[in-house]
file upload-v7.txt (compact mmCIF, C-alpha atoms (C1' of nucleotides))
# COMPACT_ATOMS: atom_id res chain seq x y z
CA MET O 22 87.37 133.33 173.72
CA SER O 23 84.63 134.55 171.34
CA THR O 24 81.88 133.70 173.77
CA ARG O 25 79.34 135.31 171.48
CA ILE O 26 79.68 132.54 168.90
CA GLN O 27 79.68 129.87 171.60
CA THR O 28 76.47 131.16 173.10
CA ARG O 29 74.87 131.40 169.70
CA ASN O 30 75.87 127.87 168.72
CA ARG O 31 74.72 126.42 172.02
CA GLN O 32 71.41 128.13 171.39
CA ARG O 33 71.18 126.74 167.86
CA ILE O 34 71.87 123.26 169.16
CA LEU O 35 69.29 123.48 171.94
CA GLU O 36 66.73 124.79 169.47
CA ALA O 37 67.31 121.83 167.16
CA ALA O 38 67.48 119.39 170.07
CA LEU O 39 64.12 120.64 171.32
CA ASP O 40 62.59 119.84 167.94
CA VAL O 41 64.02 116.35 167.86
CA PHE O 42 63.63 115.33 171.51
CA SER O 43 60.06 116.64 171.73
CA ALA O 44 59.09 114.75 168.59
CA ASN O 45 60.70 111.42 169.47
CA GLY O 46 61.52 111.22 173.16
CA PHE O 47 65.02 110.80 174.49
CA ARG O 48 65.70 107.30 173.25
CA GLY O 49 64.03 107.87 169.92
CA ALA O 50 66.09 110.96 169.17
CA THR O 51 69.44 110.75 167.39
CA LEU O 52 72.43 113.07 167.26
CA ASP O 53 72.40 112.78 163.49
CA GLU O 54 68.96 114.38 163.36
CA ILE O 55 69.95 117.12 165.79
CA ALA O 56 73.11 117.76 163.78
CA LYS O 57 71.14 118.02 160.56
CA ALA O 58 68.48 120.25 162.13
CA SER O 59 71.08 122.58 163.66
CA GLY O 60 73.33 122.71 160.62
CA LEU O 61 76.34 121.68 162.70
CA SER O 62 78.38 118.51 162.45
CA LYS O 63 77.85 115.71 164.93
CA PRO O 64 81.28 116.05 166.55
CA ASN O 65 80.67 119.76 166.85
CA LEU O 66 77.51 119.06 168.85
CA LEU O 67 79.64 117.07 171.25
CA TYR O 68 82.13 119.89 171.49
CA TYR O 69 79.40 122.05 173.02
CA PHE O 70 77.70 119.34 175.05
CA ASP O 71 79.46 116.42 176.69
CA SER O 72 76.83 113.92 175.58
CA LYS O 73 73.33 113.36 174.28
CA GLU O 74 72.28 113.15 177.93
CA ALA O 75 73.80 116.55 178.67
CA MET O 76 71.84 118.14 175.84
CA HIS O 77 68.62 116.69 177.12
CA ARG O 78 69.42 117.74 180.67
CA ALA O 79 70.11 121.31 179.56
CA LEU O 80 66.73 121.43 177.84
CA LEU O 81 64.86 120.09 180.85
CA GLU O 82 66.56 122.53 183.21
CA GLN O 83 65.71 125.61 181.19
CA LEU O 84 62.23 124.16 180.68
CA LEU O 85 61.47 123.81 184.38
CA VAL O 86 61.88 127.50 185.10
CA VAL O 87 59.38 128.50 182.43
CA TRP O 88 57.12 125.57 183.15
CA LEU O 89 56.55 126.27 186.83
CA ALA O 90 56.25 130.05 186.51
CA PRO O 91 52.45 130.05 186.03
CA MET O 92 51.96 128.10 189.24
CA ARG O 93 54.44 130.21 191.20
CA ALA O 94 52.48 133.28 190.15
CA ILE O 95 49.38 132.17 192.10
CA ASP O 96 48.86 134.80 194.78
CA PRO O 97 47.56 133.48 198.14
CA LYS O 98 46.29 136.97 198.89
CA GLY O 99 44.33 137.27 195.66
CA ASP O 100 40.74 136.31 194.93
CA PRO O 101 40.53 132.48 194.84
CA HIS O 102 38.32 132.32 191.75
CA ASP O 103 40.43 134.81 189.80
CA GLU O 104 43.71 133.24 190.88
CA ILE O 105 42.71 129.76 189.74
CA ILE O 106 41.23 130.94 186.46
CA GLY O 107 44.31 133.11 185.94
CA TYR O 108 46.57 130.14 186.53
CA MET O 109 44.61 128.06 184.05
CA ARG O 110 44.83 130.82 181.43
CA ARG O 111 48.57 131.21 181.87
CA LYS O 112 48.98 127.46 181.53
CA LEU O 113 46.85 127.43 178.40
CA GLN O 114 48.94 130.23 176.97
CA MET O 115 52.02 128.10 177.55
CA SER O 116 50.51 125.36 175.40
CA ARG O 117 50.04 127.94 172.68
CA ASP O 118 53.47 129.53 173.01
CA TYR O 119 55.61 126.50 173.90
CA PRO O 120 54.01 123.37 172.43
CA ARG O 121 57.37 121.67 171.89
CA GLU O 122 58.34 122.22 175.50
CA SER O 123 55.00 120.74 176.53
CA ARG O 124 55.66 117.66 174.42
CA LEU O 125 59.22 117.37 175.71
CA PHE O 126 57.82 117.29 179.22
CA ALA O 127 55.01 114.91 178.24
CA ASN O 128 57.43 112.49 176.58
CA GLU O 129 59.58 112.48 179.68
CA VAL O 130 56.73 111.86 182.12
CA LEU O 131 55.00 109.36 179.82
CA GLN O 132 58.17 107.31 179.76
CA GLY O 133 58.35 107.22 183.54
CA ALA O 134 60.24 110.48 184.17
CA PRO O 135 63.64 108.73 184.30
CA ARG O 136 65.53 112.01 183.94
CA LEU O 137 63.07 114.38 185.57
CA GLY O 138 62.00 112.29 188.54
CA ASP O 139 64.13 114.19 191.03
CA ALA O 140 62.85 117.57 189.88
CA ILE O 141 59.25 116.38 190.02
CA ALA O 142 59.62 114.76 193.45
CA GLY O 143 61.53 117.82 194.67
CA GLU O 144 60.97 121.23 193.15
CA LEU O 145 57.56 120.53 191.61
CA LYS O 146 56.15 118.57 194.55
CA THR O 147 57.22 121.32 196.96
CA LEU O 148 55.49 123.91 194.83
CA VAL O 149 52.35 121.83 194.42
CA ASP O 150 52.17 121.03 198.14
CA ASP O 151 52.41 124.74 198.87
CA ARG O 152 49.65 125.67 196.44
CA VAL O 153 47.49 122.82 197.70
CA ALA O 154 47.79 124.33 201.19
CA VAL O 155 46.79 127.73 199.80
CA ILE O 156 43.69 126.26 198.18
CA GLN O 157 42.79 124.43 201.39
CA ASP O 158 43.12 127.69 203.31
CA TRP O 159 40.79 129.37 200.82
CA VAL O 160 38.26 126.59 201.36
CA LYS O 161 38.57 126.78 205.16
CA ALA O 162 38.09 130.52 205.03
CA GLY O 163 34.90 129.99 203.04
CA ARG O 164 36.32 131.96 200.11
CA LEU O 165 36.25 128.90 197.81
CA ARG O 166 33.76 126.10 197.70
CA PRO O 167 35.07 122.73 199.01
CA ILE O 168 37.11 121.02 196.30
CA ASP O 169 39.95 118.49 196.11
CA PRO O 170 43.04 120.65 195.48
CA TYR O 171 45.10 117.89 193.87
CA HIS O 172 42.45 116.93 191.35
CA LEU O 173 41.80 120.60 190.67
CA ILE O 174 45.46 121.10 189.77
CA PHE O 175 45.59 117.88 187.75
CA SER O 176 42.51 118.95 185.82
CA ILE O 177 44.16 122.24 184.91
CA TRP O 178 47.27 120.44 183.72
CA ALA O 179 45.31 117.85 181.78
CA LEU O 180 42.97 120.27 180.04
CA THR O 181 45.55 122.86 179.06
CA GLN O 182 48.42 120.59 178.04
CA HIS O 183 46.13 118.38 176.00
CA TYR O 184 46.01 120.98 173.23
CA ALA O 185 49.79 120.93 172.82
CA ASP O 186 50.48 117.26 173.50
CA PHE O 187 47.66 115.83 171.37
CA ASP O 188 47.88 118.52 168.71
CA ALA O 189 48.34 115.91 165.96
CA GLN O 190 45.09 114.16 166.90
CA ILE O 191 43.11 117.40 167.19
CA ARG O 192 44.34 118.57 163.79
CA LEU O 193 43.37 115.31 162.15
CA ILE O 194 39.88 115.46 163.65
CA ARG O 195 39.12 119.15 163.30
CA GLY O 196 41.02 119.83 160.10
CA ASP O 197 43.99 122.14 159.86
CA SER O 198 42.33 125.22 161.28
CA ASP O 199 43.76 126.44 164.59
CA PRO O 200 43.45 123.42 166.91
CA MET O 201 43.08 125.67 169.93
CA ALA O 202 40.26 127.76 168.50
CA GLY O 203 37.56 128.12 171.13
CA SER O 204 39.60 126.45 173.85
CA GLU O 205 39.95 129.56 175.99
CA GLU O 206 36.23 130.31 176.01
CA PHE O 207 35.46 126.69 176.75
CA LEU O 208 37.92 126.39 179.62
CA ASP O 209 36.89 129.76 181.05
CA MET O 210 33.33 128.52 181.14
CA LEU O 211 34.29 125.11 182.51
CA PHE O 212 36.34 126.46 185.41
CA ASP O 213 33.83 129.18 186.13
CA ARG O 214 31.20 126.49 186.63
CA LEU O 215 33.58 124.26 188.53
CA LEU O 216 34.49 126.96 191.03
CA SER O 217 31.21 128.79 191.46
CA MET O 218 29.67 128.45 194.92
CA MET D 10 50.30 73.04 162.65
CA SER D 11 49.97 73.41 166.44
CA THR D 12 48.11 76.70 166.17
CA ARG D 13 47.59 76.68 169.92
CA ILE D 14 51.28 77.32 170.59
CA GLN D 15 51.46 79.89 167.81
CA THR D 16 48.54 81.85 169.21
CA ARG D 17 49.98 81.68 172.69
CA ASN D 18 53.41 82.87 171.57
CA ARG D 19 51.97 85.68 169.50
CA GLN D 20 50.08 86.74 172.60
CA ARG D 21 53.21 86.58 174.76
CA ILE D 22 55.08 88.71 172.26
CA LEU D 23 52.33 91.32 172.03
CA GLU D 24 52.12 91.45 175.82
CA ALA D 25 55.84 92.12 176.09
CA ALA D 26 55.79 94.52 173.13
CA LEU D 27 53.00 96.51 174.80
CA ASP D 28 55.20 96.94 177.87
CA VAL D 29 58.19 98.11 175.87
CA PHE D 30 56.48 100.26 173.21
CA SER D 31 54.24 102.00 175.75
CA ALA D 32 57.23 102.82 177.94
CA ASN D 33 59.55 104.08 175.21
CA GLY D 34 57.64 104.87 172.04
CA PHE D 35 58.27 103.10 168.76
CA ARG D 36 61.73 104.40 168.04
CA GLY D 37 62.87 104.13 171.63
CA ALA D 38 61.85 100.47 171.87
CA THR D 39 64.21 97.65 170.93
CA LEU D 40 63.64 94.05 169.90
CA ASP D 41 66.20 92.99 172.50
CA GLU D 42 64.01 94.34 175.27
CA ILE D 43 60.89 92.75 173.84
CA ALA D 44 62.73 89.46 173.46
CA LYS D 45 63.92 89.59 177.06
CA ALA D 46 60.47 90.56 178.37
CA SER D 47 58.74 87.80 176.41
CA GLY D 48 61.31 85.12 177.16
CA LEU D 49 61.72 84.37 173.45
CA SER D 50 64.77 84.84 171.30
CA LYS D 51 65.03 87.81 168.98
CA PRO D 52 64.89 85.78 165.75
CA ASN D 53 61.90 83.96 167.15
CA LEU D 54 60.09 87.26 167.52
CA LEU D 55 60.67 87.85 163.85
CA TYR D 56 59.35 84.43 163.02
CA TYR D 57 55.97 85.48 164.39
CA PHE D 58 56.03 89.06 163.16
CA ASP D 59 57.66 90.24 159.95
CA SER D 60 59.25 93.26 161.57
CA LYS D 61 59.30 95.61 164.51
CA GLU D 62 56.82 97.71 162.55
CA ALA D 63 54.45 94.76 162.19
CA MET D 64 54.46 94.19 165.95
CA HIS D 65 53.62 97.79 166.60
CA ARG D 66 50.91 97.76 163.95
CA ALA D 67 49.31 94.66 165.47
CA LEU D 68 49.20 96.39 168.86
CA LEU D 69 47.64 99.55 167.48
CA GLU D 70 45.01 97.62 165.58
CA GLN D 71 43.83 95.61 168.57
CA LEU D 72 44.03 98.79 170.65
CA LEU D 73 41.69 100.78 168.42
CA VAL D 74 38.78 98.41 168.91
CA VAL D 75 38.96 98.66 172.69
CA TRP D 76 39.81 102.33 172.63
CA LEU D 77 36.81 103.49 170.65
CA ALA D 78 34.24 101.24 172.32
CA PRO D 79 33.31 103.74 175.08
CA MET D 80 32.48 106.38 172.48
CA ARG D 81 30.57 103.95 170.26
CA ALA D 82 28.42 103.07 173.25
CA ILE D 83 26.99 106.58 173.48
CA ASP D 84 23.27 106.20 172.82
CA PRO D 85 21.63 109.05 170.85
CA LYS D 86 18.29 108.01 172.33
CA GLY D 87 19.50 108.11 175.91
CA ASP D 88 19.45 110.99 178.35
CA PRO D 89 22.12 113.52 177.25
CA HIS D 90 23.45 114.14 180.74
CA ASP D 91 23.64 110.44 181.62
CA GLU D 92 25.13 109.48 178.27
CA ILE D 93 27.97 111.99 178.53
CA ILE D 94 28.73 111.20 182.16
CA GLY D 95 28.55 107.50 181.30
CA TYR D 96 31.01 107.98 178.46
CA MET D 97 33.39 109.83 180.75
CA ARG D 98 33.17 107.06 183.36
CA ARG D 99 33.85 104.32 180.82
CA LYS D 100 36.83 106.28 179.54
CA LEU D 101 38.15 106.76 183.07
CA GLN D 102 37.75 103.05 183.70
CA MET D 103 39.89 102.43 180.62
CA SER D 104 42.69 104.48 182.15
CA ARG D 105 42.44 102.28 185.22
CA ASP D 106 42.23 98.97 183.35
CA TYR D 107 44.49 99.68 180.37
CA PRO D 108 47.10 102.26 181.35
CA ARG D 109 49.72 100.80 179.02
CA GLU D 110 47.36 100.99 176.08
CA SER D 111 46.67 104.60 176.97
CA ARG D 112 50.39 105.37 177.00
CA LEU D 113 50.94 103.49 173.75
CA PHE D 114 48.32 105.70 172.15
CA ALA D 115 49.70 108.82 173.83
CA ASN D 116 53.24 108.10 172.65
CA GLU D 117 51.99 107.63 169.12
CA VAL D 118 49.95 110.85 169.01
CA LEU D 119 52.58 112.85 170.89
CA GLN D 120 55.11 111.92 168.23
CA GLY D 121 52.84 113.10 165.43
CA ALA D 122 50.78 109.93 164.89
CA PRO D 123 53.06 108.69 162.06
CA ARG D 124 51.60 105.18 162.23
CA LEU D 125 48.10 105.96 163.43
CA GLY D 126 47.33 109.02 161.34
CA ASP D 127 45.13 107.17 158.89
CA ALA D 128 43.04 105.56 161.61
CA ILE D 129 42.61 108.88 163.39
CA ALA D 130 41.71 110.77 160.23
CA GLY D 131 39.41 107.92 159.19
CA GLU D 132 37.77 105.69 161.74
CA LEU D 133 38.13 107.99 164.75
CA LYS D 134 37.19 111.20 162.93
CA THR D 135 34.09 109.54 161.49
CA LEU D 136 33.05 108.40 164.93
CA VAL D 137 33.74 111.78 166.51
CA ASP D 138 31.88 113.65 163.76
CA ASP D 139 28.90 111.40 164.34
CA ARG D 140 28.89 111.92 168.10
CA VAL D 141 29.39 115.66 167.63
CA ALA D 142 26.23 115.66 165.53
CA VAL D 143 24.38 113.77 168.25
CA ILE D 144 25.44 116.32 170.86
CA GLN D 145 24.40 119.18 168.59
CA ASP D 146 21.01 117.55 168.13
CA TRP D 147 20.64 117.30 171.88
CA VAL D 148 21.41 121.00 172.19
CA LYS D 149 19.00 121.92 169.41
CA ALA D 150 16.27 119.89 171.06
CA GLY D 151 16.87 121.78 174.28
CA ARG D 152 17.80 118.58 176.07
CA LEU D 153 21.37 119.77 176.71
CA ARG D 154 22.59 123.26 177.41
CA PRO D 155 24.57 124.88 174.55
CA ILE D 156 28.14 123.62 174.58
CA ASP D 157 30.96 123.15 172.06
CA PRO D 158 30.84 119.41 171.26
CA TYR D 159 34.48 119.16 170.15
CA HIS D 160 35.88 120.77 173.27
CA LEU D 161 33.52 118.71 175.39
CA ILE D 162 34.94 115.53 173.87
CA PHE D 163 38.53 116.77 174.12
CA SER D 164 37.98 117.63 177.78
CA ILE D 165 36.79 114.09 178.47
CA TRP D 166 39.82 112.64 176.72
CA ALA D 167 42.23 114.99 178.47
CA LEU D 168 40.86 114.54 181.97
CA THR D 169 40.50 110.77 181.89
CA GLN D 170 43.68 109.83 180.02
CA HIS D 171 45.78 112.15 182.16
CA TYR D 172 45.66 109.67 185.05
CA ALA D 173 47.19 106.90 182.94
CA ASP D 174 49.55 108.96 180.81
CA PHE D 175 50.98 111.13 183.59
CA ASP D 176 50.85 108.40 186.20
CA ALA D 177 54.56 108.80 186.98
CA GLN D 178 54.14 112.48 187.77
CA ILE D 179 51.05 111.95 189.91
CA ARG D 180 52.77 109.20 191.91
CA LEU D 181 55.79 111.39 192.57
CA ILE D 182 53.59 114.24 193.77
CA ARG D 183 50.96 112.34 195.73
CA GLY D 184 53.14 109.52 197.01
CA ASP D 185 52.65 105.91 196.06
CA SER D 186 49.04 105.61 197.14
CA ASP D 187 46.55 104.95 194.32
CA PRO D 188 47.11 107.82 191.88
CA MET D 189 43.49 107.68 190.78
CA ALA D 190 41.99 107.86 194.26
CA GLY D 191 39.18 110.41 194.24
CA SER D 192 39.32 110.95 190.50
CA GLU D 193 35.89 109.45 189.83
CA GLU D 194 34.14 111.61 192.41
CA PHE D 195 35.98 114.68 191.17
CA LEU D 196 35.17 114.10 187.52
CA ASP D 197 31.56 113.19 188.29
CA MET D 198 31.22 116.51 190.07
CA LEU D 199 33.06 118.42 187.35
CA PHE D 200 30.94 117.12 184.48
CA ASP D 201 27.75 117.41 186.48
CA ARG D 202 28.47 121.11 186.91
CA LEU D 203 29.61 121.47 183.30
CA LEU D 204 26.44 119.97 181.89
CA SER D 205 23.80 121.27 184.28
CA MET D 206 21.36 123.72 182.73
C1' DG Z 4 59.71 76.34 165.56
C1' DT Z 5 63.68 77.64 167.82
C1' DC Z 6 68.18 78.41 168.16
C1' DT Z 7 73.34 80.45 167.22
C1' DA Z 8 75.84 83.17 164.27
C1' DT Z 9 76.22 87.02 161.68
C1' DA Z 10 75.29 90.38 158.01
C1' DG Z 11 74.64 95.22 157.36
C1' DT Z 12 73.33 99.46 159.27
C1' DC Z 13 73.00 103.04 162.63
C1' DT Z 14 74.32 104.84 167.16
C1' DG Z 15 76.99 107.82 170.53
C1' DA Z 16 81.37 109.26 171.10
C1' DT Z 17 86.56 110.06 170.08
C1' DA Z 18 91.03 111.05 167.47
C1' DG Z 19 93.51 114.08 165.05
C1' DA Z 20 94.27 117.27 161.03
C1' DC Z 21 93.55 122.07 160.08
C1' DG F 6 86.26 125.58 166.83
C1' DT F 7 85.23 122.78 163.14
C1' DC F 8 85.93 119.32 160.23
C1' DT F 9 86.76 114.11 158.20
C1' DA F 10 87.56 109.70 159.53
C1' DT F 11 86.61 106.21 162.48
C1' DC F 12 85.90 103.46 166.65
C1' DA F 13 83.08 100.11 169.53
C1' DG F 14 78.73 98.85 170.51
C1' DA F 15 73.75 98.36 169.59
C1' DC F 16 70.35 97.97 166.18
C1' DT F 17 66.98 95.29 162.83
C1' DA F 18 66.85 91.55 160.20
C1' DT F 19 68.46 87.17 157.86
C1' DA F 20 70.90 82.55 157.09
C1' DG F 21 71.19 78.14 158.18
C1' DA F 22 71.81 74.21 161.59
C1' DC F 23 68.84 71.34 164.32

call {"tool": "encode", "arguments": {"input": "upload-v7.txt", "output": "structure tokens"}}
result
Amino acid sequence: MSTRIQTRNRQRILEAALDVFSANGFRGATLDEIAKASGLSKPNLLYYFDSKEAMHRALLEQLLVVWLAPMRAIDPKGDPHDEIIGYMRRKLQMSRDYPRESRLFANEVLQGAPRLGDAIAGELKTLVDDRVAVIQDWVKAGRLRPIDPYHLIFSIWALTQHYADFDAQIRLIRGDSDPMAGSEEFLDMLFDRLLSM
Amino acid sequence: MSTRIQTRNRQRILEAALDVFSANGFRGATLDEIAKASGLSKPNLLYYFDSKEAMHRALLEQLLVVWLAPMRAIDPKGDPHDEIIGYMRRKLQMSRDYPRESRLFANEVLQGAPRLGDAIAGELKTLVDDRVAVIQDWVKAGRLRPIDPYHLIFSIWALTQHYADFDAQIRLIRGDSDPMAGSEEFLDMLFDRLLSM
DNA sequence: GTCTATAGTCTGATAGAC
DNA sequence: GTCTATCAGACTATAGAC
């Protein structure tokens, strides 16, 4: 019943699976690679997870919680400008801290979200719709200048995730120095100008 | 020697290959799918292209020309504000006209640019470095407010390509109406504010 | 040029010894 | 719980008839 070892091995597998899935997408990933990366045998992987699908599903589920946290943290009672900039900063920090998770998500959506469609159409859409309403209320109350809430949110996603998802391109163009150097100052300035009255 | 049929079949194959590679990445794509999508048999595919790799390479090569054209068209002698906004608009139009090409490129970069690394480090970097210098000259001449040229370019890429690459997500959140509706007005406004003195 | 047939390899998943 | 051995199917690519 040594659940300690089980938990640890499941964690090792998910860690390796995150590497492989985020670098190749679901179909491009192989159990052989995950086995090699985790140091466990292929049948042992399938002792802990029923299938390749199940591994991927486990990753996406634990990803969603972390992924949506920055948006959940937007406070309708806060200052509109600070709340939006704060959201953008938290999202940018996620690209810095969890680039593989960002690429896992990007791969999934890029390939039509076949395994994440329900979560996007459900949990994420509900959250976005709610925050869109908050932004619209801010605009109506005259606390935020008129702006399209959907495109505002999309622009935050696009600008922050770009640094994780297109990391390879940025490195090749800028050289191997920190690809995100200067991004926070730039995005602070950009959103400050975007939101100012 | 009926080169007409050859050219037409090569085109049919590349058309089908673009569908499959852009939807699944290189490793996730299969010749069976490309064969089915093109209406040709699998061995026939390999009569026209030496390998799966060769097909992918052909797509990337013809992509690069189209892909870099909007940036090449930036005129150092033009008005800085208009040139940058014009570049952004051309890039956005590419997302509208060539979403599959955008996703093909995104898949490739997302997965570490294993087959496009040389072109990015060579042709693209050269072009970017040149345009960065142009922007810096504009700033020095006082014709453009001080701004980080690299992050400016990355922000254009991120914001415009997002609509093609994350199309599935946007559709699920906004419903099946045109996912790009309002994007041009929003981005016009955003970059106008970003660049204004 | 296009096909069927198939070689040879890799894939996800299972059986069974320990 | 973990392994070796192995299955059935899918994979890229080739051979050879037409």

call {"tool": "interface_residues", "arguments": {"input": "upload-v7.txt", "of": "chain D", "to": "chain F", "cutoff": "10 Å", "atoms": "only C-alpha atoms (C1' of nucleotides)", "output": "number ranges by chain"}}
result
D: 39-41, 51-52, 55, 59-61

call {"tool": "closest_residue", "arguments": {"input": "upload-v7.txt", "among": "O:Arg31, O:Arg117, O:Arg195, O:Arg136", "to": "Arg48 (chain O)", "atoms": "only C-alpha atoms"}}
result
O:Arg136

call {"tool": "closest_atom_pairs", "arguments": {"input": "upload-v7.txt", "of": "chain D", "to": "chain O", "cutoff": "7 Å", "atoms": "only C-alpha atoms", "output": "JSON lines"}}
result
{"residue": "D:Ala32", "atom": "CA", "partner": "O:Gln132", "partner_atom": "CA", "distance": 4.9}
{"residue": "D:Asn33", "atom": "CA", "partner": "O:Gln132", "partner_atom": "CA", "distance": 5.7}
{"residue": "D:Arg36", "atom": "CA", "partner": "O:Gly49", "partner_atom": "CA", "distance": 4.6}
{"residue": "D:Gly37", "atom": "CA", "partner": "O:Gly49", "partner_atom": "CA", "distance": 4.3}
{"residue": "D:Arg112", "atom": "CA", "partner": "O:Leu131", "partner_atom": "CA", "distance": 6.7}
{"residue": "D:Val118", "atom": "CA", "partner": "O:Phe187", "partner_atom": "CA", "distance": 6.0}
{"residue": "D:Leu119", "atom": "CA", "partner": "O:Asp186", "partner_atom": "CA", "distance": 5.5}
{"residue": "D:Gln120", "atom": "CA", "partner": "O:Ala44", "partner_atom": "CA", "distance": 4.9}
{"residue": "D:Gly121", "atom": "CA", "partner": "O:Ala189", "partner_atom": "CA", "distance": 5.3}
{"residue": "D:Ala122", "atom": "CA", "partner": "O:Ala189", "partner_atom": "CA", "distance": 6.5}
{"residue": "D:Ile129", "atom": "CA", "partner": "O:Leu193", "partner_atom": "CA", "distance": 6.6}
{"residue": "D:Ala130", "atom": "CA", "partner": "O:Leu193", "partner_atom": "CA", "distance": 5.2}
{"residue": "D:Lys134", "atom": "CA", "partner": "O:Ile194", "partner_atom": "CA", "distance": 5.1}
{"residue": "D:His160", "atom": "CA", "partner": "O:Ser204", "partner_atom": "CA", "distance": 6.8}
{"residue": "D:Ser164", "atom": "CA", "partner": "O:Leu180", "partner_atom": "CA", "distance": 6.1}
{"residue": "D:Ala167", "atom": "CA", "partner": "O:Ala179", "partner_atom": "CA", "distance": 5.3}
{"residue": "D:Leu168", "atom": "CA", "partner": "O:Ala179", "partner_atom": "CA", "distance": 5.5}
{"residue": "D:His171", "atom": "CA", "partner": "O:Ala179", "partner_atom": "CA", "distance": 5.7}
{"residue": "D:Asp174", "atom": "CA", "partner": "O:Leu131", "partner_atom": "CA", "distance": 5.6}
{"residue": "D:Phe175", "atom": "CA", "partner": "O:Leu131", "partner_atom": "CA", "distance": 5.8}
{"residue": "D:Ala177", "atom": "CA", "partner": "O:Gly133", "partner_atom": "CA", "distance": 5.4}
{"residue": "D:Gln178", "atom": "CA", "partner": "O:Val130", "partner_atom": "CA", "distance": 6.2}
{"residue": "D:Leu181", "atom": "CA", "partner": "O:Ala142", "partner_atom": "CA", "distance": 5.2}
{"residue": "D:Ile182", "atom": "CA", "partner": "O:Lys146", "partner_atom": "CA", "distance": 5.1}
{"residue": "D:Ser192", "atom": "CA", "partner": "O:His172", "partner_atom": "CA", "distance": 6.8}
{"residue": "D:Phe195", "atom": "CA", "partner": "O:His172", "partner_atom": "CA", "distance": 6.9}
{"residue": "D:Leu199", "atom": "CA", "partner": "O:Leu215", "partner_atom": "CA", "distance": 6.0}
{"residue": "D:Arg202", "atom": "CA", "partner": "O:Arg214", "partner_atom": "CA", "distance": 6.0}
{"residue": "D:Leu203", "atom": "CA", "partner": "O:Leu211", "partner_atom": "CA", "distance": 6.0}

call {"tool": "closest_residue", "arguments": {"input": "upload-v7.txt", "among": "O:Trp159, O:Trp88, O:Tyr119, O:Tyr69", "to": "Arg29 (chain O)", "atoms": "only C-alpha atoms"}}
result
O:Tyr69

call {"tool": "closest_atom_pairs", "arguments": {"input": "upload-v7.txt", "of": "chain Z", "to": "chain O", "cutoff": "12 Å", "atoms": "only C-alpha atoms (C1' of nucleotides)", "output": "Markdown table"}}
result
| residue | atom | partner | partner_atom | distance |
| --- | --- | --- | --- | --- |
| Z:DC13 | C1' | O:Thr51 | CA | 9.7 |
| Z:DT14 | C1' | O:Thr51 | CA | 7.7 |
| Z:DG15 | C1' | O:Lys73 | CA | 7.6 |
| Z:DA16 | C1' | O:Ser72 | CA | 7.9 |
| Z:DT17 | C1' | O:Pro64 | CA | 8.7 |
| Z:DA18 | C1' | O:Pro64 | CA | 11.0 |

call {"tool": "atom_distance", "arguments": {"input": "upload-v7.txt", "atom1": "CA of Gln32 (chain O)", "atom2": "CA of Ser59 (chain O)"}}
result
9.5 Å

call {"tool": "atom_distance", "arguments": {"input": "upload-v7.txt", "atom1": "CA of Pro79 (chain D)", "atom2": "CA of Leu101 (chain D)"}}
result
9.8 Å

call {"tool": "atom_distance", "arguments": {"input": "upload-v7.txt", "atom1": "CA of Met97 (chain D)", "atom2": "CA of Ala78 (chain D)"}}
result
12.1 Å

call {"tool": "axis_aligned_box", "arguments": {"input": "upload-v7.txt", "around": "region 15-20 of chain F", "padding_each_side": "4 Å", "output": "JSON"}}
result
{"center_x": 70.3, "center_y": 90.5, "center_z": 163.3, "size_x": 14.9, "size_y": 23.8, "size_z": 20.5}
